[in-house]
file final13.txt (compact mmCIF, C-alpha atoms and all ligand atoms)
# COMPACT_ATOMS: atom_id res chain seq x y z
CA MET A 1 -45.17 -113.77 -87.03
CA MET A 2 -48.08 -115.36 -85.20
CA ARG A 3 -48.12 -115.63 -81.43
CA ILE A 4 -50.79 -117.84 -79.83
CA GLU A 5 -51.78 -117.13 -76.23
CA PRO A 6 -52.08 -120.04 -73.74
CA ALA A 7 -55.90 -120.24 -73.51
CA ALA A 8 -56.30 -120.22 -77.30
CA TRP A 9 -53.55 -122.81 -77.72
CA GLN A 10 -55.09 -125.12 -75.14
CA ALA A 11 -58.49 -124.86 -76.86
CA MET A 12 -56.95 -125.78 -80.23
CA VAL A 13 -55.08 -128.76 -78.82
CA ARG A 14 -58.14 -130.03 -76.99
CA HIS A 15 -60.28 -129.67 -80.12
CA ALA A 16 -57.73 -131.46 -82.32
CA GLU A 17 -57.31 -134.33 -79.87
CA GLN A 18 -61.03 -134.75 -79.23
CA SER A 19 -61.74 -134.81 -82.98
CA TYR A 20 -59.10 -137.49 -83.64
CA PRO A 21 -59.11 -139.59 -85.84
CA ASN A 22 -61.05 -136.97 -87.79
CA GLU A 23 -59.79 -133.58 -88.84
CA CYS A 24 -61.01 -130.57 -86.92
CA CYS A 25 -61.10 -126.92 -87.95
CA GLY A 26 -61.58 -123.60 -86.25
CA ALA A 27 -61.06 -119.86 -86.37
CA LEU A 28 -58.25 -117.82 -84.81
CA LEU A 29 -59.23 -114.43 -83.41
CA GLY A 30 -57.02 -111.73 -82.03
CA VAL A 31 -55.27 -108.50 -82.89
CA VAL A 32 -52.48 -107.52 -85.26
CA GLU A 33 -49.90 -105.17 -83.77
CA ASN A 34 -46.73 -104.05 -85.56
CA GLY A 35 -47.03 -106.94 -87.94
CA VAL A 36 -47.40 -109.52 -85.14
CA GLN A 37 -50.62 -111.53 -85.10
CA ARG A 38 -51.57 -112.15 -81.48
CA VAL A 39 -54.23 -114.87 -81.22
CA SER A 40 -56.24 -114.66 -78.00
CA LEU A 41 -59.22 -116.82 -78.93
CA ALA A 42 -59.52 -120.11 -80.82
CA ARG A 43 -63.11 -120.78 -81.82
CA PRO A 44 -63.88 -124.38 -82.88
CA LEU A 45 -65.91 -124.68 -86.09
CA ARG A 46 -67.80 -127.70 -87.38
CA ASN A 47 -66.09 -129.83 -90.00
CA VAL A 48 -68.85 -129.98 -92.63
CA TYR A 49 -66.99 -132.08 -95.20
CA ALA A 50 -69.57 -134.60 -96.44
CA GLY A 51 -67.21 -137.55 -96.97
CA ASP A 52 -64.47 -139.19 -94.90
CA GLN A 53 -63.26 -136.56 -92.43
CA ARG A 54 -60.09 -138.42 -91.50
CA ASP A 55 -58.19 -136.49 -94.11
CA ARG A 56 -60.56 -133.70 -95.18
CA TYR A 57 -62.15 -130.67 -93.63
CA GLU A 58 -64.50 -127.97 -94.80
CA VAL A 59 -65.64 -124.83 -93.00
CA ASP A 60 -69.28 -123.77 -93.18
CA PRO A 61 -69.14 -120.17 -94.48
CA THR A 62 -72.29 -119.28 -92.54
CA GLU A 63 -70.55 -120.27 -89.33
CA LEU A 64 -67.51 -118.25 -90.36
CA LEU A 65 -69.81 -115.27 -90.94
CA ALA A 66 -71.09 -115.63 -87.36
CA VAL A 67 -67.53 -115.82 -86.01
CA ASP A 68 -66.55 -112.74 -88.01
CA ARG A 69 -69.44 -110.87 -86.38
CA GLU A 70 -68.44 -112.14 -82.96
CA ALA A 71 -64.87 -110.95 -83.56
CA ARG A 72 -66.03 -107.49 -84.62
CA ALA A 73 -68.30 -107.21 -81.58
CA GLN A 74 -65.34 -107.97 -79.32
CA GLY A 75 -62.92 -105.65 -81.11
CA LEU A 76 -60.98 -108.65 -82.43
CA GLN A 77 -60.02 -109.67 -85.94
CA LEU A 78 -60.46 -112.96 -87.72
CA ILE A 79 -56.78 -113.66 -88.32
CA GLY A 80 -56.57 -117.27 -89.33
CA ILE A 81 -57.91 -120.78 -89.54
CA TYR A 82 -56.55 -123.88 -87.86
CA HIS A 83 -57.08 -127.50 -88.79
CA SER A 84 -55.60 -130.82 -87.75
CA HIS A 85 -53.76 -133.56 -89.61
CA PRO A 86 -54.54 -136.90 -87.94
CA ASP A 87 -51.49 -139.16 -88.14
CA ALA A 88 -49.78 -136.82 -90.59
CA ASP A 89 -47.24 -134.03 -90.29
CA ALA A 90 -47.81 -130.33 -89.79
CA TYR A 91 -47.35 -129.37 -93.43
CA PHE A 92 -49.52 -127.54 -95.94
CA SER A 93 -50.79 -130.02 -98.51
CA LYS A 94 -51.68 -129.39 -102.13
CA THR A 95 -55.35 -129.88 -101.28
CA ASP A 96 -54.99 -127.40 -98.43
CA LEU A 97 -53.49 -124.88 -100.82
CA GLU A 98 -56.08 -125.30 -103.56
CA ASN A 99 -59.00 -124.99 -101.16
CA SER A 100 -57.66 -122.32 -98.87
CA CYS A 101 -58.10 -118.63 -99.20
CA PRO A 102 -55.05 -116.39 -99.48
CA TRP A 103 -56.47 -113.92 -96.96
CA PHE A 104 -55.64 -115.85 -93.82
CA SER A 105 -52.83 -117.53 -91.95
CA PHE A 106 -53.37 -121.28 -91.61
CA VAL A 107 -52.18 -123.20 -88.57
CA VAL A 108 -51.85 -126.96 -89.02
CA LEU A 109 -51.69 -129.28 -86.01
CA ALA A 110 -50.16 -132.73 -86.43
CA VAL A 111 -52.03 -135.24 -84.25
CA LYS A 112 -50.22 -138.57 -83.88
CA LYS A 113 -52.06 -141.41 -82.16
CA GLY A 114 -54.46 -138.91 -80.64
CA ARG A 115 -51.87 -136.42 -79.33
CA VAL A 116 -50.90 -133.09 -80.84
CA GLU A 117 -47.20 -133.33 -81.65
CA ALA A 118 -46.31 -130.46 -83.92
CA ALA A 119 -47.68 -127.29 -85.44
CA GLY A 120 -46.89 -125.10 -88.41
CA CYS A 121 -48.24 -121.85 -89.80
CA PHE A 122 -48.66 -121.11 -93.51
CA VAL A 123 -49.82 -118.22 -95.66
CA PRO A 124 -51.00 -119.08 -99.19
CA GLU A 125 -49.76 -116.81 -101.98
CA ALA A 126 -52.45 -114.89 -103.86
CA ASP A 127 -52.33 -117.28 -106.86
CA GLN A 128 -52.74 -120.32 -104.53
CA ARG A 129 -49.82 -122.06 -106.23
CA SER A 130 -47.54 -121.96 -103.21
CA ALA A 131 -47.55 -121.04 -99.55
CA ILE A 132 -45.06 -119.29 -97.29
CA ARG A 133 -44.16 -120.70 -93.90
CA GLN A 134 -44.79 -118.14 -91.19
CA GLU A 135 -43.05 -118.02 -87.81
CA LEU A 136 -45.31 -119.43 -85.11
CA VAL A 137 -44.73 -118.72 -81.41
CA LEU A 138 -46.54 -120.99 -78.94
CA PRO A 139 -46.90 -120.62 -75.17
CA GLU A 140 -43.67 -121.53 -73.36
CA ASP A 141 -45.21 -124.47 -71.59
CA SER A 142 -46.53 -126.14 -74.74
CA ARG A 143 -45.00 -129.59 -74.90
CA PHE A 144 -43.18 -129.26 -78.19
CA CYS A 145 -41.58 -126.66 -80.40
CA THR A 146 -42.74 -125.59 -83.82
CA SER A 147 -40.54 -126.08 -86.81
CA LYS A 148 -38.80 -122.78 -87.44
CA PRO A 149 -39.05 -121.20 -90.89
CA MET B 1 -76.23 -96.52 -98.58
CA VAL B 2 -75.15 -100.10 -98.01
CA LYS B 3 -72.33 -101.20 -95.76
CA ILE B 4 -69.71 -103.70 -96.95
CA LEU B 5 -67.83 -105.44 -94.12
CA ILE B 6 -64.19 -106.02 -95.04
CA PRO B 7 -62.29 -109.12 -93.84
CA THR B 8 -59.16 -108.40 -91.78
CA ALA B 9 -56.71 -109.46 -94.47
CA LEU B 10 -58.23 -107.11 -97.05
CA ARG B 11 -58.29 -104.00 -94.86
CA GLN B 12 -54.81 -103.07 -96.05
CA TYR B 13 -56.35 -102.31 -99.47
CA VAL B 14 -59.13 -100.10 -98.11
CA ASP B 15 -57.14 -97.66 -95.94
CA GLN B 16 -57.38 -100.04 -92.95
CA ARG B 17 -61.17 -99.65 -92.74
CA ASP B 18 -63.23 -102.55 -91.39
CA ALA B 19 -66.29 -101.44 -93.37
CA VAL B 20 -66.94 -99.31 -96.45
CA GLU B 21 -70.24 -97.62 -97.33
CA VAL B 22 -71.31 -97.37 -100.95
CA GLU B 23 -74.34 -96.21 -102.90
CA ALA B 24 -75.64 -99.11 -105.02
CA ARG B 25 -78.83 -100.75 -106.28
CA THR B 26 -77.54 -104.29 -106.64
CA VAL B 27 -74.90 -106.50 -105.00
CA GLY B 28 -72.85 -106.48 -108.21
CA GLU B 29 -72.93 -102.70 -108.37
CA ALA B 30 -71.86 -102.40 -104.73
CA LEU B 31 -68.85 -104.68 -105.26
CA GLU B 32 -67.99 -102.94 -108.52
CA THR B 33 -68.11 -99.54 -106.81
CA LEU B 34 -65.96 -100.87 -103.97
CA SER B 35 -63.29 -102.30 -106.26
CA ARG B 36 -63.29 -99.17 -108.44
CA ARG B 37 -62.69 -97.04 -105.36
CA TYR B 38 -59.98 -99.38 -104.05
CA THR B 39 -58.33 -100.74 -107.19
CA GLU B 40 -55.82 -102.94 -105.31
CA LEU B 41 -58.75 -104.87 -103.87
CA ARG B 42 -60.07 -105.97 -107.26
CA ARG B 43 -57.70 -108.88 -107.88
CA HIS B 44 -58.55 -110.30 -104.47
CA LEU B 45 -62.26 -110.41 -105.27
CA TYR B 46 -62.36 -111.07 -109.01
CA ASN B 47 -60.51 -113.47 -111.30
CA GLU B 48 -59.06 -112.58 -114.72
CA GLU B 49 -62.43 -113.13 -116.40
CA GLY B 50 -63.96 -110.52 -114.13
CA LYS B 51 -65.96 -113.11 -112.16
CA LEU B 52 -65.97 -113.30 -108.39
CA ARG B 53 -63.18 -115.68 -107.33
CA SER B 54 -64.35 -119.19 -106.54
CA PHE B 55 -63.67 -118.95 -102.80
CA VAL B 56 -65.46 -115.61 -102.37
CA ASN B 57 -68.92 -115.82 -100.81
CA ILE B 58 -71.02 -112.71 -100.41
CA TYR B 59 -73.69 -112.52 -97.75
CA LEU B 60 -76.50 -109.99 -97.91
CA ASN B 61 -77.39 -109.59 -94.26
CA ASP B 62 -77.75 -113.31 -93.34
CA GLU B 63 -78.26 -114.79 -96.82
CA ASP B 64 -75.70 -116.15 -99.24
CA ILE B 65 -76.34 -114.26 -102.52
CA ARG B 66 -76.05 -117.59 -104.38
CA TYR B 67 -79.46 -118.43 -102.97
CA LEU B 68 -80.85 -115.01 -103.90
CA GLN B 69 -80.25 -113.47 -107.31
CA ARG B 70 -76.47 -113.55 -107.04
CA GLU B 71 -74.91 -110.27 -108.19
CA ALA B 72 -78.25 -109.05 -109.53
CA THR B 73 -79.73 -109.19 -106.01
CA PRO B 74 -81.33 -105.81 -105.30
CA LEU B 75 -80.20 -103.82 -102.27
CA ASN B 76 -82.14 -101.67 -99.84
CA ASP B 77 -80.86 -98.72 -97.88
CA GLY B 78 -79.19 -99.96 -94.69
CA ASP B 79 -78.33 -103.44 -95.99
CA THR B 80 -75.05 -105.04 -94.96
CA LEU B 81 -72.85 -107.10 -97.28
CA THR B 82 -70.18 -109.37 -95.81
CA ILE B 83 -67.33 -110.97 -97.73
CA VAL B 84 -66.75 -114.51 -96.39
CA PRO B 85 -64.30 -116.97 -97.96
CA SER B 86 -64.83 -120.69 -98.53
CA ILE B 87 -62.19 -122.74 -96.74
CA ALA B 88 -61.42 -126.44 -96.95
CA GLY B 89 -58.45 -128.77 -97.17
CA GLY B 90 -57.14 -132.25 -96.83
CA GLY B 91 -55.43 -135.02 -98.68
CA HIS B 92 -52.94 -135.65 -95.89
CA GLY B 93 -53.22 -139.41 -96.01
CA ASP B 94 -50.88 -139.23 -98.95
CA GLN B 95 -47.65 -138.42 -97.12
CA HIS B 96 -45.46 -138.38 -100.22
CA HIS B 97 -47.31 -135.28 -101.36
CA GLN B 98 -44.85 -132.51 -100.96
CA CYS B 99 -45.44 -129.53 -98.72
CA ALA B 100 -46.89 -126.74 -100.83
CA CYS B 101 -44.46 -124.21 -99.38
ZN ZN C 201 -54.27 -129.75 -94.12
call {"tool": "encode", "arguments": {"input": "final13.txt", "output": "structure tokens", "more": "lines below"}}
Ligand SMILES: [Zn+2]
result
Amino acid sequence: MMRIEPAAWQAMVRHAEQSYPNECCGALLGVVENGVQRVSLARPLRNVYAGDQRDRYEVDPTELLAVDREARAQGLQLIGIYHSHPDADAYFSKTDLENSCPWFSFVVLAVKKGRVEAAGCFVPEADQRSAIRQELVLPEDSRFCTSKP
Amino acid sequence: MVKILIPTALRQYVDQRDAVEVEARTVGEALETLSRRYTELRRHLYNEEGKLRSFVNIYLNDEDIRYLQREATPLNDGDTLTIVPSIAGGGHGDQHHQCAC
């Protein structure tokens, strides 16, 4: 299960809406306790995909390295990656699966007409042929619910 | 000794450590020593042909080893290696693509 704290959630939503109609991406930092991932910090990353960013994103590994260091310095862990789907649903696409890394949880934000409307959390299997939907718990005051597994 | 920083998700294979120190002369030797010590880790770093998996990037201090001498890159005492994955995605315009889960 992943639980996202209010400040982190607000930062993700803001980033996704500001990046619309392009995709955004970022890192999720926090702690893992008794199997629950608690995300306290969402760190926006640059989308470095060279082509049309309306339906593609790419993380710069050098930037991810810097975030990993930042997490370690703060006693946090790099738990996951978030990205947005402009005018598409919060699902994990084939392209997502093939280009993801099975070491993280991936949060997908659906942004419809510039507003975040849904979110989902996915964990790719080691062979990157399928992904498992993970339970995602958002702050109580977020304006929609996530689809339950 | 060189220090290898372990990503969160892989710590379960290295006794929950966030870093492992090994004695090695090259990057390849360091990773080989690491995955020999923690055998469960191997399949996460290497593919069936024994090559580093496509999404695995290795940084020696601040440099991607691809721009150095890759796995033959020599190491000095006190160097730090970090395992950083490549991450990308997309293709959502095509809504009839089924969810991969
Ligand atoms: Zn996606």
call {"tool": "residues_near_ligand", "arguments": {"input": "final13.txt", "ligand": "ligand ZN 201 (chain C)", "cutoff": "10 Å", "atoms": "all atoms listed in the file", "output": "JSON, numbers by chain"}}
result
{"A": [23, 24, 25, 55, 56, 57, 82, 83, 84, 85, 86, 88, 89, 90, 91, 92, 93, 94, 95, 96, 97, 99, 100, 106, 107, 108, 109, 110], "B": [88, 89, 90, 91, 92, 93, 99]}
call {"tool": "residues_around", "arguments": {"input": "final13.txt", "residues": "range 21-29 of chain B", "least_positions_apart": "2", "cutoff": "6 Å", "atoms": "all atoms listed in the file", "output": "ChimeraX atom specification"}}
result
/B:1-3,31-33,71-75
call {"tool": "atom_distance", "arguments": {"input": "final13.txt", "atom1": "CA of Phe122 in chain A", "atom2": "CA of Leu34 in chain B"}}
result
28.6 Å
call {"tool": "residues_around", "arguments": {"input": "final13.txt", "residues": "Glu140 in chain A", "least_positions_apart": "6", "cutoff": "12 Å", "atoms": "all atoms listed in the file", "output": "list in words"}}
result
Arg3, Ile4, Glu5, Pro6, Trp9 and Thr146 of chain A
call {"tool": "closest_residue", "arguments": {"input": "final13.txt", "among": "A:Asp127, A:Glu117, A:Glu70, A:Glu33", "to": "chain B", "atoms": "all atoms listed in the file"}}
result
A:Asp127
call {"tool": "atom_distance", "arguments": {"input": "final13.txt", "atom1": "CA of Arg37 in chain B", "atom2": "CA of Leu10 in chain B"}}
result
13.8 Å
call {"tool": "residues_around", "arguments": {"input": "final13.txt", "residues": "Thr8 in chain B", "least_positions_apart": "2", "cutoff": "10 Å", "atoms": "only C-alpha atoms", "output": "list in words"}}
result
Val31, Val32, Asp68, Arg72, Leu76, Gln77, Leu78, Ile79, Gly80, Trp103 and Phe104 of chain A; Leu5, Ile6, Leu10, Arg11, Gln12, Gln16, Arg17 and Asp18 of chain B
call {"tool": "residues_around", "arguments": {"input": "final13.txt", "residues": "Pro44 in chain A", "least_positions_apart": "4", "cutoff": "10 Å", "atoms": "only C-alpha atoms", "output": "PyMOL selection string"}}
result
chain A and resi 11-12+14-16+24-28+67+81-83
call {"tool": "closest_residue", "arguments": {"input": "final13.txt", "among": "A:Cys101, A:Met1, A:Ala73, A:Ala50", "to": "Gly35 in chain A", "atoms": "all atoms listed in the file"}}
result
A:Met1
call {"tool": "atom_distance", "arguments": {"input": "final13.txt", "atom1": "CA of Asn22 in chain A", "atom2": "CA of Gln53 in chain A"}}
result
5.2 Å
call {"tool": "residues_around", "arguments": {"input": "final13.txt", "residues": "Gln134 in chain A", "least_positions_apart": "4", "cutoff": "8 Å", "atoms": "only C-alpha atoms", "output": "VMD selection string"}}
result
chain A and resid 1 to 2 120 to 123 149
call {"tool": "closest_residue", "arguments": {"input": "final13.txt", "among": "B:Ile65, B:Ala30, B:Ala19, B:Ile87", "to": "chain A", "atoms": "only C-alpha atoms"}}
result
B:Ile87
call {"tool": "closest_residue", "arguments": {"input": "final13.txt", "among": "A:Pro61, A:Gly51, A:Pro21, A:Gly114", "to": "chain B", "atoms": "all atoms listed in the file"}}
result
A:Pro61
call {"tool": "decode", "arguments": {"input": "final13.txt", "residues": "range 59-83 of chain B", "atoms": "N, CA, C and O atoms", "output": "PDB file, in the first residue's frame"}}
result
ATOM      1  N   TYR B  59      26.628   4.854 -12.036  1.00  0.00           N
ATOM      2  CA  TYR B  59      27.405   6.088 -11.924  1.00  0.00           C
ATOM      3  C   TYR B  59      28.617   5.855 -11.038  1.00  0.00           C
ATOM      4  O   TYR B  59      28.496   5.315  -9.945  1.00  0.00           O
ATOM      5  N   LEU B  60      29.783   6.273 -11.544  1.00  0.00           N
ATOM      6  CA  LEU B  60      30.986   6.282 -10.720  1.00  0.00           C
ATOM      7  C   LEU B  60      31.118   7.715 -10.228  1.00  0.00           C
ATOM      8  O   LEU B  60      31.336   8.628 -11.034  1.00  0.00           O
ATOM      9  N   ASN B  61      30.943   7.906  -8.958  1.00  0.00           N
ATOM     10  CA  ASN B  61      30.853   9.252  -8.390  1.00  0.00           C
ATOM     11  C   ASN B  61      29.788  10.022  -9.179  1.00  0.00           C
ATOM     12  O   ASN B  61      28.624   9.659  -9.093  1.00  0.00           O
ATOM     13  N   ASP B  62      30.153  11.020 -10.006  1.00  0.00           N
ATOM     14  CA  ASP B  62      29.119  11.765 -10.735  1.00  0.00           C
ATOM     15  C   ASP B  62      29.025  11.407 -12.209  1.00  0.00           C
ATOM     16  O   ASP B  62      28.276  12.031 -12.955  1.00  0.00           O
ATOM     17  N   GLU B  63      29.778  10.407 -12.661  1.00  0.00           N
ATOM     18  CA  GLU B  63      29.850  10.110 -14.095  1.00  0.00           C
ATOM     19  C   GLU B  63      29.171   8.785 -14.438  1.00  0.00           C
ATOM     20  O   GLU B  63      29.411   7.769 -13.794  1.00  0.00           O
ATOM     21  N   ASP B  64      28.370   8.828 -15.496  1.00  0.00           N
ATOM     22  CA  ASP B  64      27.775   7.617 -16.036  1.00  0.00           C
ATOM     23  C   ASP B  64      28.919   6.777 -16.636  1.00  0.00           C
ATOM     24  O   ASP B  64      29.687   7.292 -17.460  1.00  0.00           O
ATOM     25  N   ILE B  65      29.025   5.506 -16.251  1.00  0.00           N
ATOM     26  CA  ILE B  65      30.156   4.693 -16.741  1.00  0.00           C
ATOM     27  C   ILE B  65      30.122   4.488 -18.255  1.00  0.00           C
ATOM     28  O   ILE B  65      31.121   4.137 -18.862  1.00  0.00           O
ATOM     29  N   ARG B  66      28.938   4.728 -18.884  1.00  0.00           N
ATOM     30  CA  ARG B  66      28.867   4.646 -20.347  1.00  0.00           C
ATOM     31  C   ARG B  66      29.802   5.645 -21.005  1.00  0.00           C
ATOM     32  O   ARG B  66      30.242   5.457 -22.122  1.00  0.00           O
ATOM     33  N   TYR B  67      30.029   6.757 -20.327  1.00  0.00           N
ATOM     34  CA  TYR B  67      30.899   7.798 -20.883  1.00  0.00           C
ATOM     35  C   TYR B  67      32.328   7.659 -20.366  1.00  0.00           C
ATOM     36  O   TYR B  67      33.176   8.481 -20.647  1.00  0.00           O
ATOM     37  N   LEU B  68      32.578   6.618 -19.599  1.00  0.00           N
ATOM     38  CA  LEU B  68      33.944   6.309 -19.158  1.00  0.00           C
ATOM     39  C   LEU B  68      34.346   5.045 -19.928  1.00  0.00           C
ATOM     40  O   LEU B  68      34.187   4.994 -21.132  1.00  0.00           O
ATOM     41  N   GLN B  69      34.816   4.052 -19.231  1.00  0.00           N
ATOM     42  CA  GLN B  69      35.171   2.809 -19.934  1.00  0.00           C
ATOM     43  C   GLN B  69      34.214   1.688 -19.576  1.00  0.00           C
ATOM     44  O   GLN B  69      34.605   0.535 -19.453  1.00  0.00           O
ATOM     45  N   ARG B  70      32.955   2.059 -19.375  1.00  0.00           N
ATOM     46  CA  ARG B  70      31.911   1.107 -18.994  1.00  0.00           C
ATOM     47  C   ARG B  70      32.378   0.214 -17.853  1.00  0.00           C
ATOM     48  O   ARG B  70      32.953   0.693 -16.900  1.00  0.00           O
ATOM     49  N   GLU B  71      32.163  -1.116 -17.984  1.00  0.00           N
ATOM     50  CA  GLU B  71      32.503  -1.986 -16.854  1.00  0.00           C
ATOM     51  C   GLU B  71      34.004  -2.148 -16.636  1.00  0.00           C
ATOM     52  O   GLU B  71      34.438  -2.622 -15.598  1.00  0.00           O
ATOM     53  N   ALA B  72      34.792  -1.730 -17.638  1.00  0.00           N
ATOM     54  CA  ALA B  72      36.252  -1.809 -17.482  1.00  0.00           C
ATOM     55  C   ALA B  72      36.816  -0.568 -16.775  1.00  0.00           C
ATOM     56  O   ALA B  72      38.017  -0.476 -16.531  1.00  0.00           O
ATOM     57  N   THR B  73      35.948   0.371 -16.434  1.00  0.00           N
ATOM     58  CA  THR B  73      36.396   1.604 -15.778  1.00  0.00           C
ATOM     59  C   THR B  73      37.135   1.275 -14.477  1.00  0.00           C
ATOM     60  O   THR B  73      36.603   0.568 -13.623  1.00  0.00           O
ATOM     61  N   PRO B  74      38.382   1.754 -14.350  1.00  0.00           N
ATOM     62  CA  PRO B  74      39.120   1.454 -13.124  1.00  0.00           C
ATOM     63  C   PRO B  74      38.595   2.227 -11.909  1.00  0.00           C
ATOM     64  O   PRO B  74      38.051   3.322 -12.056  1.00  0.00           O
ATOM     65  N   LEU B  75      38.736   1.614 -10.743  1.00  0.00           N
ATOM     66  CA  LEU B  75      38.256   2.230  -9.507  1.00  0.00           C
ATOM     67  C   LEU B  75      39.424   2.610  -8.605  1.00  0.00           C
ATOM     68  O   LEU B  75      40.455   1.953  -8.617  1.00  0.00           O
ATOM     69  N   ASN B  76      39.217   3.663  -7.847  1.00  0.00           N
ATOM     70  CA  ASN B  76      40.180   4.054  -6.821  1.00  0.00           C
ATOM     71  C   ASN B  76      39.555   3.860  -5.444  1.00  0.00           C
ATOM     72  O   ASN B  76      38.332   3.896  -5.306  1.00  0.00           O
ATOM     73  N   ASP B  77      40.415   3.690  -4.466  1.00  0.00           N
ATOM     74  CA  ASP B  77      39.950   3.539  -3.103  1.00  0.00           C
ATOM     75  C   ASP B  77      39.072   4.748  -2.737  1.00  0.00           C
ATOM     76  O   ASP B  77      39.434   5.880  -3.046  1.00  0.00           O
ATOM     77  N   GLY B  78      37.925   4.496  -2.150  1.00  0.00           N
ATOM     78  CA  GLY B  78      37.051   5.597  -1.723  1.00  0.00           C
ATOM     79  C   GLY B  78      36.021   6.015  -2.759  1.00  0.00           C
ATOM     80  O   GLY B  78      35.193   6.893  -2.489  1.00  0.00           O
ATOM     81  N   ASP B  79      36.053   5.408  -3.956  1.00  0.00           N
ATOM     82  CA  ASP B  79      35.054   5.738  -4.975  1.00  0.00           C
ATOM     83  C   ASP B  79      33.664   5.259  -4.551  1.00  0.00           C
ATOM     84  O   ASP B  79      33.535   4.302  -3.788  1.00  0.00           O
ATOM     85  N   THR B  80      32.657   5.928  -5.097  1.00  0.00           N
ATOM     86  CA  THR B  80      31.271   5.527  -4.839  1.00  0.00           C
ATOM     87  C   THR B  80      30.585   5.172  -6.152  1.00  0.00           C
ATOM     88  O   THR B  80      30.644   5.931  -7.116  1.00  0.00           O
ATOM     89  N   LEU B  81      29.952   4.016  -6.180  1.00  0.00           N
ATOM     90  CA  LEU B  81      29.143   3.606  -7.329  1.00  0.00           C
ATOM     91  C   LEU B  81      27.682   3.707  -6.933  1.00  0.00           C
ATOM     92  O   LEU B  81      27.311   3.308  -5.835  1.00  0.00           O
ATOM     93  N   THR B  82      26.850   4.257  -7.837  1.00  0.00           N
ATOM     94  CA  THR B  82      25.419   4.339  -7.564  1.00  0.00           C
ATOM     95  C   THR B  82      24.669   3.666  -8.701  1.00  0.00           C
ATOM     96  O   THR B  82      24.996   3.865  -9.866  1.00  0.00           O
ATOM     97  N   ILE B  83      23.680   2.861  -8.334  1.00  0.00           N
ATOM     98  CA  ILE B  83      22.847   2.173  -9.321  1.00  0.00           C
ATOM     99  C   ILE B  83      21.604   3.036  -9.532  1.00  0.00           C
ATOM    100  O   ILE B  83      20.857   3.284  -8.593  1.00  0.00           O
TER     101      ILE B  83
END
